[in-house]
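> Sharing final.cif (mmCIF, C-alpha atoms and all ligand atoms) below.
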data_structure
loop_
_atom_site.label_atom_id
_atom_site.label_comp_id
_atom_site.auth_asym_id
_atom_site.auth_seq_id
_atom_site.Cartn_x
_atom_site.Cartn_y
_atom_site.Cartn_z
CA MET A 1 20.12 -16.19 9.60
CA ASN A 2 17.93 -19.07 8.34
CA ALA A 3 20.46 -21.58 9.56
CA LEU A 4 20.04 -20.15 13.06
CA LYS A 5 16.25 -20.11 12.79
CA GLN A 6 16.01 -23.88 12.71
CA TRP A 7 17.46 -23.94 16.22
CA VAL A 8 14.78 -21.66 17.61
CA THR A 9 11.56 -23.08 19.07
CA ASN A 10 8.49 -21.29 20.35
CA SER A 11 8.36 -22.17 24.04
CA SER A 12 4.55 -22.27 24.36
CA GLU A 13 4.38 -24.68 21.42
CA ALA A 14 7.21 -26.88 22.66
CA ILE A 15 5.74 -27.36 26.12
CA ASN A 16 3.04 -30.01 26.42
CA ILE A 17 0.99 -30.08 29.58
CA ARG A 18 -0.46 -33.54 30.08
CA LEU A 19 -3.15 -34.52 32.53
CA VAL A 20 -2.71 -38.21 33.18
CA LYS A 21 -5.49 -40.44 34.47
CA ALA A 22 -3.62 -43.61 35.30
CA ALA A 23 -6.08 -46.27 36.37
CA PRO A 24 -4.21 -49.02 38.23
CA GLY A 25 -3.17 -51.85 35.94
CA THR A 26 -2.63 -49.65 32.88
CA GLY A 27 1.14 -49.94 33.27
CA ASP A 28 3.54 -47.42 31.78
CA ASP A 29 2.00 -47.84 28.35
CA GLU A 30 0.87 -44.39 27.26
CA ASP A 31 -1.66 -45.91 24.84
CA GLU A 32 -3.49 -47.45 27.76
CA GLN A 33 -3.49 -44.32 29.89
CA ASP A 34 -6.05 -41.60 29.52
CA ILE A 35 -4.02 -38.49 28.70
CA ILE A 36 -5.30 -35.03 27.84
CA GLU A 37 -2.64 -32.82 26.30
CA PHE A 38 -2.62 -29.08 25.71
CA ASN A 39 -0.14 -26.22 25.45
CA PRO A 40 0.35 -23.35 27.83
CA VAL A 41 -0.82 -19.94 26.64
CA PHE A 42 1.90 -17.89 28.34
CA THR A 43 5.53 -18.88 28.83
CA TYR A 44 7.10 -15.40 28.70
CA PRO A 45 7.69 -15.30 32.47
CA MET A 46 10.20 -18.11 31.91
CA PHE A 47 11.49 -17.62 28.37
CA GLY A 48 11.10 -13.86 27.87
CA GLU A 49 8.81 -11.73 25.71
CA GLN A 50 9.75 -13.59 22.52
CA GLU A 51 8.84 -16.93 24.12
CA GLN A 52 11.77 -18.60 22.38
CA ILE A 53 14.03 -21.48 23.26
CA PHE A 54 17.34 -21.62 21.48
CA GLY A 55 19.54 -24.59 20.60
CA TYR A 56 17.27 -27.56 19.87
CA LYS A 57 15.75 -29.26 16.84
CA ASP A 58 12.33 -30.95 17.22
CA LEU A 59 12.08 -30.06 20.85
CA ALA A 60 9.28 -31.37 23.07
CA VAL A 61 9.05 -30.55 26.77
CA ASN A 62 6.52 -32.64 28.65
CA LEU A 63 5.01 -31.59 31.94
CA GLU A 64 2.87 -34.43 33.15
CA PHE A 65 0.44 -34.11 36.02
CA ALA A 66 -1.58 -36.81 37.71
CA SER A 67 -5.05 -35.51 36.89
CA GLY A 68 -6.23 -35.30 40.50
CA SER A 69 -3.27 -35.02 42.87
CA LEU A 70 -1.22 -33.00 40.34
CA ALA A 71 1.92 -34.97 41.21
CA SER A 72 4.17 -34.05 38.30
CA CYS A 73 6.98 -35.22 36.04
CA PHE A 74 9.33 -33.26 33.78
CA SER A 75 10.82 -34.78 30.65
CA MET A 76 12.14 -33.51 27.35
CA GLY A 77 13.16 -34.85 23.98
CA TYR A 78 14.82 -33.46 20.84
CA LYS A 79 16.51 -34.57 17.67
CA GLU A 80 19.61 -32.42 17.97
CA LYS A 81 21.06 -30.06 20.55
CA LYS A 82 23.74 -27.37 20.35
CA PRO A 83 26.33 -27.19 23.13
CA THR A 84 25.16 -23.61 23.78
CA ALA A 85 21.48 -24.60 23.97
CA ASP A 86 19.27 -22.92 26.59
CA LYS A 87 18.99 -24.81 29.83
CA ILE A 88 15.30 -25.56 29.90
CA TYR A 89 14.78 -27.14 33.30
CA THR A 90 16.92 -24.50 35.02
CA THR A 91 14.90 -21.77 33.30
CA MET A 92 11.56 -23.27 34.31
CA LYS A 93 12.44 -24.65 37.73
CA ASP A 94 11.25 -21.72 39.85
CA PHE A 95 7.82 -21.88 38.22
CA LEU A 96 7.31 -25.64 38.47
CA PRO A 97 6.11 -27.65 41.48
CA LYS A 98 8.96 -28.11 43.96
CA ASP A 99 8.28 -31.84 44.14
CA ILE A 100 8.32 -32.41 40.37
CA ILE A 101 10.29 -35.54 39.47
CA ASP A 102 12.03 -36.69 36.30
CA ASN A 103 11.68 -40.44 36.67
CA HIS A 104 8.78 -41.52 34.52
CA ASP A 105 8.39 -44.98 36.04
CA VAL A 106 8.12 -43.52 39.51
CA PHE A 107 5.65 -40.93 38.23
CA THR A 108 3.44 -43.64 36.74
CA GLN A 109 3.41 -45.50 40.06
CA ILE A 110 2.46 -42.32 41.91
CA ALA A 111 -0.24 -41.43 39.36
CA GLN A 112 -1.73 -44.93 39.66
CA ARG A 113 -1.74 -44.77 43.44
CA ASP A 114 -3.26 -41.27 43.42
CA TYR A 115 -5.94 -42.32 40.93
CA THR A 116 -7.80 -44.04 43.74
CA GLU A 117 -6.25 -42.48 46.83
CA PHE A 118 -6.33 -38.76 46.09
CA LYS A 119 -9.24 -36.90 47.68
CA PRO A 120 -9.93 -33.15 47.52
CA MET A 121 -9.10 -31.06 50.58
CA GLY A 122 -11.13 -28.42 52.38
CA THR A 123 -14.85 -28.06 52.94
CA LYS A 124 -17.19 -29.18 50.19
CA VAL A 125 -19.47 -26.27 49.34
CA ALA A 126 -21.32 -27.32 46.20
CA GLU A 127 -21.84 -30.07 43.65
CA TYR A 128 -23.50 -30.20 40.25
CA ARG A 129 -23.70 -32.14 37.03
CA ILE A 130 -23.46 -30.74 33.51
CA ASN A 131 -25.09 -31.70 30.29
CA HIS A 132 -21.96 -32.08 28.16
CA GLU A 133 -20.77 -34.93 26.00
CA GLY A 134 -18.35 -37.08 27.95
CA ALA A 135 -19.43 -35.72 31.33
CA GLU A 136 -22.47 -37.99 31.77
CA ASN A 137 -20.86 -39.86 34.67
CA SER A 138 -19.22 -36.83 36.23
CA VAL A 139 -20.18 -34.91 39.31
CA PHE A 140 -18.42 -31.59 39.83
CA GLU A 141 -17.60 -30.61 43.38
CA SER A 142 -16.24 -27.37 44.75
CA TYR A 143 -14.26 -27.04 47.96
CA GLN A 144 -13.31 -24.07 50.05
CA ALA A 145 -9.77 -24.05 51.45
CA ASN A 146 -7.11 -21.78 52.86
CA PHE A 147 -3.45 -22.25 53.71
CA ASN A 148 -4.37 -23.71 57.10
CA THR A 149 -6.44 -26.45 55.47
CA PRO A 150 -4.64 -29.80 55.83
CA ARG A 151 -2.79 -30.80 52.62
CA PHE A 152 -3.72 -27.59 50.83
CA LEU A 153 -0.38 -25.76 50.98
CA GLU A 154 1.41 -28.66 49.22
CA TYR A 155 -1.44 -28.93 46.74
CA HIS A 156 -1.34 -25.22 45.98
CA ARG A 157 2.40 -25.45 45.30
CA ARG A 158 1.54 -27.95 42.59
CA LEU A 159 -1.30 -26.05 40.98
CA GLN A 160 0.06 -22.51 41.06
CA CYS A 161 2.11 -23.02 37.86
CA PHE A 162 -1.19 -23.14 35.94
CA ALA A 163 -1.85 -19.51 36.86
CA ILE A 164 1.47 -18.56 35.22
CA PHE A 165 0.72 -20.66 32.12
CA PHE A 166 -2.86 -19.41 31.59
CA ILE A 167 -3.37 -16.00 33.20
CA GLU A 168 -1.49 -13.10 31.66
CA GLY A 169 0.51 -11.14 34.20
CA ALA A 170 -0.06 -13.69 36.98
CA SER A 171 2.50 -14.22 39.70
CA PHE A 172 2.60 -16.59 42.65
CA ILE A 173 0.57 -15.48 45.63
CA GLU A 174 2.07 -15.27 49.13
CA ASP A 175 1.31 -18.68 50.56
CA THR A 176 2.34 -17.71 54.06
CA ASP A 177 -0.58 -15.27 54.20
CA GLU A 178 -3.43 -17.12 55.88
CA LYS A 179 -6.03 -14.64 54.70
CA TRP A 180 -6.18 -16.01 51.16
CA GLU A 181 -9.34 -17.99 50.45
CA VAL A 182 -9.35 -20.52 47.66
CA ARG A 183 -12.18 -22.33 45.93
CA LEU A 184 -11.21 -25.54 44.16
CA LEU A 185 -13.23 -27.35 41.53
CA PHE A 186 -12.93 -31.11 40.96
CA GLU A 187 -14.59 -33.67 38.74
CA ARG A 188 -15.63 -36.82 40.60
CA LEU A 189 -15.84 -39.85 38.36
CA ASN A 190 -17.01 -43.32 39.05
CA GLU A 191 -15.13 -45.63 36.72
CA ASP A 192 -15.60 -49.39 37.02
CA GLY A 193 -16.76 -48.98 40.58
CA GLN A 194 -13.73 -46.86 41.44
CA GLU A 195 -14.11 -43.27 42.54
CA THR A 196 -11.50 -40.87 41.20
CA TYR A 197 -11.05 -37.09 41.23
CA ASN A 198 -9.71 -34.78 38.52
CA PHE A 199 -8.66 -31.18 39.06
CA VAL A 200 -10.79 -28.76 36.98
CA GLY A 201 -9.93 -25.25 38.14
CA TYR A 202 -9.83 -22.82 41.02
CA CYS A 203 -10.07 -19.24 42.08
CA ASN A 204 -8.37 -17.38 44.88
CA MET A 205 -9.66 -14.36 46.73
CA TYR A 206 -8.20 -11.89 49.17
CA PRO A 207 -10.18 -9.99 51.83
CA TYR A 208 -9.43 -6.26 51.95
CA PHE A 209 -10.61 -3.97 54.70
CA TYR A 210 -13.86 -2.11 53.97
CA TYR A 211 -14.36 0.81 56.33
CA PRO A 212 -15.42 0.59 59.10
CA ASP A 213 -15.86 -3.10 59.91
CA GLN A 214 -16.40 -5.19 56.80
CA ILE A 215 -14.34 -6.70 53.99
CA ARG A 216 -14.14 -6.33 50.26
CA MET A 217 -13.45 -9.76 48.76
CA ARG A 218 -11.25 -9.46 45.72
CA ILE A 219 -11.02 -12.31 43.21
CA SER A 220 -7.39 -12.43 42.21
CA GLN A 221 -6.85 -15.48 40.00
CA PHE A 222 -9.62 -17.42 38.34
CA LEU A 223 -8.87 -20.41 36.14
CA ILE A 224 -10.62 -23.32 34.48
CA LEU A 225 -8.16 -25.70 32.81
CA PRO A 226 -8.45 -25.75 28.98
CA PRO A 227 -10.08 -29.22 28.63
CA TYR A 228 -12.92 -28.02 30.86
CA GLN A 229 -13.44 -24.55 29.39
CA GLN A 230 -16.64 -23.52 27.55
CA GLN A 231 -18.76 -26.02 29.44
CA GLY A 232 -20.20 -23.68 32.04
CA HIS A 233 -17.75 -24.45 34.88
CA GLY A 234 -16.39 -20.89 35.12
CA SER A 235 -19.96 -19.63 35.48
CA ARG A 236 -20.80 -22.23 38.13
CA LEU A 237 -17.66 -21.42 40.07
CA TYR A 238 -18.38 -17.69 39.89
CA GLN A 239 -22.07 -18.17 40.81
CA SER A 240 -21.10 -20.22 43.85
CA LEU A 241 -19.47 -17.08 45.24
CA TYR A 242 -22.80 -15.18 45.34
CA ALA A 243 -24.23 -17.68 47.79
CA ASP A 244 -21.10 -17.70 49.92
CA PHE A 245 -20.60 -13.94 50.09
CA GLY A 246 -24.35 -13.32 50.36
CA SER A 247 -24.51 -15.32 53.58
CA ARG A 248 -21.40 -13.75 55.16
CA LYS A 249 -22.23 -10.57 57.06
CA GLU A 250 -18.61 -9.40 57.07
CA VAL A 251 -18.44 -9.37 53.26
CA ARG A 252 -19.61 -6.03 51.88
CA GLU A 253 -18.52 -6.31 48.27
CA MET A 254 -16.99 -8.65 45.72
CA THR A 255 -14.47 -7.20 43.28
CA VAL A 256 -12.08 -8.54 40.67
CA GLU A 257 -8.39 -7.77 40.23
CA ASP A 258 -7.47 -6.97 36.61
CA PRO A 259 -10.18 -8.97 34.84
CA ASN A 260 -9.32 -9.87 31.26
CA GLU A 261 -11.90 -9.77 28.48
CA ASP A 262 -13.00 -13.38 28.90
CA PHE A 263 -13.47 -12.95 32.61
CA SER A 264 -15.31 -9.63 32.20
CA ASP A 265 -17.71 -11.40 29.81
CA LEU A 266 -18.26 -14.19 32.29
CA ARG A 267 -18.80 -11.70 35.09
CA ASP A 268 -21.26 -9.54 33.07
CA LYS A 269 -23.27 -12.54 31.88
CA ASN A 270 -23.60 -14.04 35.31
CA ASP A 271 -24.27 -10.78 37.15
CA MET A 272 -26.96 -9.97 34.57
CA LYS A 273 -28.55 -13.38 35.03
CA HIS A 274 -28.37 -13.09 38.81
CA LEU A 275 -29.85 -9.58 38.97
CA THR A 276 -32.53 -10.44 36.40
CA ALA A 277 -33.58 -13.48 38.45
CA LYS A 278 -33.83 -11.20 41.50
CA GLY A 279 -36.17 -8.90 39.60
CA VAL A 280 -33.79 -5.93 39.66
CA PHE A 281 -34.54 -4.89 36.08
CA LYS A 282 -38.36 -5.00 36.32
CA ASN A 283 -40.08 -1.86 35.04
CA LEU A 284 -36.77 -0.45 33.92
CA GLN A 285 -36.72 3.20 32.96
CA ALA A 286 -33.81 5.49 32.16
CA PRO A 287 -32.23 7.38 33.78
CA ILE A 288 -31.35 5.10 36.70
CA LYS A 289 -30.84 7.11 39.89
CA SER A 290 -27.55 6.69 41.70
CA ASP A 291 -29.46 5.79 44.89
CA ARG A 292 -30.94 2.80 43.08
CA ILE A 293 -27.48 1.69 41.88
CA GLU A 294 -26.14 2.02 45.40
CA GLU A 295 -29.03 0.05 46.87
CA VAL A 296 -28.64 -2.82 44.36
CA ALA A 297 -24.87 -2.86 44.88
CA ARG A 298 -25.29 -3.08 48.65
CA THR A 299 -27.98 -5.78 48.47
CA TYR A 300 -26.13 -8.05 46.06
CA LYS A 301 -22.62 -7.20 47.25
CA LEU A 302 -21.43 -6.06 43.84
CA THR A 303 -19.46 -2.90 43.10
CA LYS A 304 -21.41 0.22 42.14
CA ARG A 305 -19.48 0.32 38.89
CA GLN A 306 -20.47 -3.23 37.99
CA VAL A 307 -24.11 -2.61 38.89
CA ALA A 308 -24.16 0.56 36.77
CA ARG A 309 -22.71 -1.49 33.91
CA CYS A 310 -25.43 -4.13 34.34
CA PHE A 311 -28.14 -1.46 34.31
CA GLU A 312 -26.63 -0.10 31.12
CA LEU A 313 -26.64 -3.57 29.54
CA ALA A 314 -30.23 -4.10 30.66
CA LEU A 315 -31.30 -0.75 29.19
CA LEU A 316 -29.55 -1.58 25.93
CA GLY A 317 -31.23 -4.99 25.93
CA SER A 318 -34.65 -3.40 26.47
CA LEU A 319 -34.19 -1.33 23.29
CA ASP A 320 -34.28 -4.49 21.14
N1 LIG A 401 -21.20 -25.78 25.63
C1 LIG A 401 -20.65 -24.78 24.91
N2 LIG A 401 -20.44 -23.55 25.41
C2 LIG A 401 -20.81 -23.33 26.66
C3 LIG A 401 -21.38 -24.32 27.49
C4 LIG A 401 -21.59 -25.60 26.91
N3 LIG A 401 -22.13 -26.59 27.59
N4 LIG A 401 -21.60 -23.81 28.70
C5 LIG A 401 -21.19 -22.53 28.65
N5 LIG A 401 -20.73 -22.24 27.44
C6 LIG A 401 -20.22 -20.96 26.94
C7 LIG A 401 -20.80 -19.78 27.68
O1 LIG A 401 -22.05 -19.38 27.15
C8 LIG A 401 -19.75 -18.74 27.43
O2 LIG A 401 -19.92 -18.23 26.13
P1 LIG A 401 -19.30 -16.85 25.63
O3 LIG A 401 -17.81 -17.03 25.57
O4 LIG A 401 -19.92 -16.63 24.32
O5 LIG A 401 -19.69 -15.83 26.66
C9 LIG A 401 -18.46 -19.53 27.43
O6 LIG A 401 -18.82 -20.89 27.27
C10 LIG A 401 -17.67 -19.38 28.72
O7 LIG A 401 -18.49 -19.64 29.85
P2 LIG A 401 -18.07 -20.77 30.87
O8 LIG A 401 -18.03 -22.10 30.19
O9 LIG A 401 -18.93 -20.64 32.06
O10 LIG A 401 -16.61 -20.29 31.24
P3 LIG A 401 -15.29 -21.17 31.33
O11 LIG A 401 -15.51 -22.34 32.19
O12 LIG A 401 -14.74 -21.40 29.98
O13 LIG A 401 -14.37 -20.15 32.13
C11 LIG A 401 -12.57 -18.56 31.99
C12 LIG A 401 -14.01 -18.90 31.59
C13 LIG A 401 -12.45 -18.54 33.50
C14 LIG A 401 -12.20 -17.20 31.42
C15 LIG A 401 -11.69 -19.70 31.40
O14 LIG A 401 -11.79 -19.70 30.02
C16 LIG A 401 -10.23 -19.60 31.80
O15 LIG A 401 -9.85 -20.06 32.86
N6 LIG A 401 -9.40 -19.00 30.92
C17 LIG A 401 -7.95 -18.93 31.12
C18 LIG A 401 -7.55 -18.14 32.33
C19 LIG A 401 -8.21 -16.78 32.39
O16 LIG A 401 -8.24 -16.06 31.42
N7 LIG A 401 -8.72 -16.45 33.59
C20 LIG A 401 -9.30 -15.17 33.90
C21 LIG A 401 -8.23 -14.19 34.13
S1 LIG A 401 -8.78 -12.73 34.96
C22 LIG A 401 -8.69 -13.14 36.62
O17 LIG A 401 -8.12 -14.14 36.95
C23 LIG A 401 -9.33 -12.27 37.60
#
Spell out the structure here as structure tokens.

Amino acid sequence: MNALKQWVTNSSEAINIRLVKAAPGTGDDEDEQDIIEFNPVFTYPMFGEQEQIFGYKDLAVNLEFASGSLASCFSMGYKEKKPTADKIYTTMKDFLPKDIIDNHDVFTQIAQRDYTEFKPMGTKVAEYRINHEGAENSVFESYQANFNTPRFLEYHRRLQCFAIFFIEGASFIEDTDEKWEVRLLFERLNEDGQETYNFVGYCNMYPYFYYPDQIRMRISQFLILPPYQQQGHGSRLYQSLYADFGSRKEVREMTVEDPNEDFSDLRDKNDMKHLTAKGVFKNLQAPIKSDRIEEVARTYKLTKRQVARCFELALLGSLD
């Protein structure tokens, strides 16, 4: 049994996702390139519930992405391999970008070219700076896109694997459906006089019919890449939706599909902040009438359930 164990690797640990910032002139020398490496959280859609890969010793699977354009490269290394070893690329292929390559030299050339040439697609809707170590020279920009936006379909085919790796239960969305709306977040950096963009995260939303003539906008997948988490970007991305939906007459309500705990926290915190700033919780007194909940929900385009939850949190907070 133990002899077999040494040939088993945990797939999420073996896979290294690398975001490569390859400034021109850095060559293929990894020491000179700026690389951020992290592991996926979920690999069960590829390797099964146990998330195991059989047949290798000291296995490392590298998925490299140019940090802005997300052009990608697959490579793997190991110390020993059994003839019956799992076929890793074949197993992962359907989840990886269709244009992933396996030639590292070519990848480096592409990453260097994209470092200066890649620009976000879609309509720029917001920009901000954050007060976080290492982000002093960064401006964060969000863009609105859909599958008719030039260059977006190809870009989406590169980024969609991140949803599988980081959102439990995620699957690819139908990219032939033009109704999907996507909000992309990028970091714009000015390095040595050169402007470059890095991909930070995104969310996609689908408009459902709201009787009789409006839509309910449902957030389906929401993701900030691990190196950018816990810095306020998820909140900024979520907050940017208030302004957008608030100004669109056809949008009646914003909802979320299967929020996990982290997203529910983010949603509660930001909705509370938003409603507090609007003065909704002034002179709060229990019980809150359902008419009041309905009115707040309609005004701020939130669900009645979420507004009731916020009132509950506000009442609890007022007990302190
Ligand atoms: N320094 C330290 N902490 C900070 C800073 C900062 N400068 N700014 C904000 N934070 C804290 C916030 O207070 C918050 O704290 P809390 O966890 O105690 O509530 C925490 O960081 C998270 O807030 P944000 O930074 O705004 O959120 P983040 O950018 O990390 O995004 C998200 C959250 C979307 C859940 C992200 O972690 C993620 O993408 N996770 C993986 C994918 C995922 O789970 N997505 C949601 C699935 S559900 C769905 O898709 C509908």
> Excluding same-chain residues fewer than 2 positions from range 57-61 of chain A, what lies within 12 Å of it counting all atoms listed in the file, as number ranges by chain?
A: 3-18, 37-40, 52-55, 63-64, 73-82, 85-89, 92, 102
> One number please: CA of Ile224 in chain A to atom N7 of ligand LIG 401 (chain A), in Å, one decimal.
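Here the two named atoms are 7.2 Å from each other.
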> Please provide the set of residues having any atom within 12 Å of Ser72 in chain A, restricted to all atoms listed in the file, with same-chain residues fewer than 6 positions apart removed, written as number ranges by chain.
A: 17-20, 62-66, 96-111, 114, 155, 157-159, 161
> Would you name the residues within 9 Å of ligand LIG 401 (chain A), counting only C-alpha atoms and all ligand atoms, and put them as number ranges by chain?
A: 41, 130-133, 162-163, 165-168, 170, 201-204, 218-226, 228-238, 256-266, 269-270
> Mind pulling up the distance from CA of Lys124 in chain A to CA of Tyr206 in chain A?
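Interatomic distance here is 19.5 Å.
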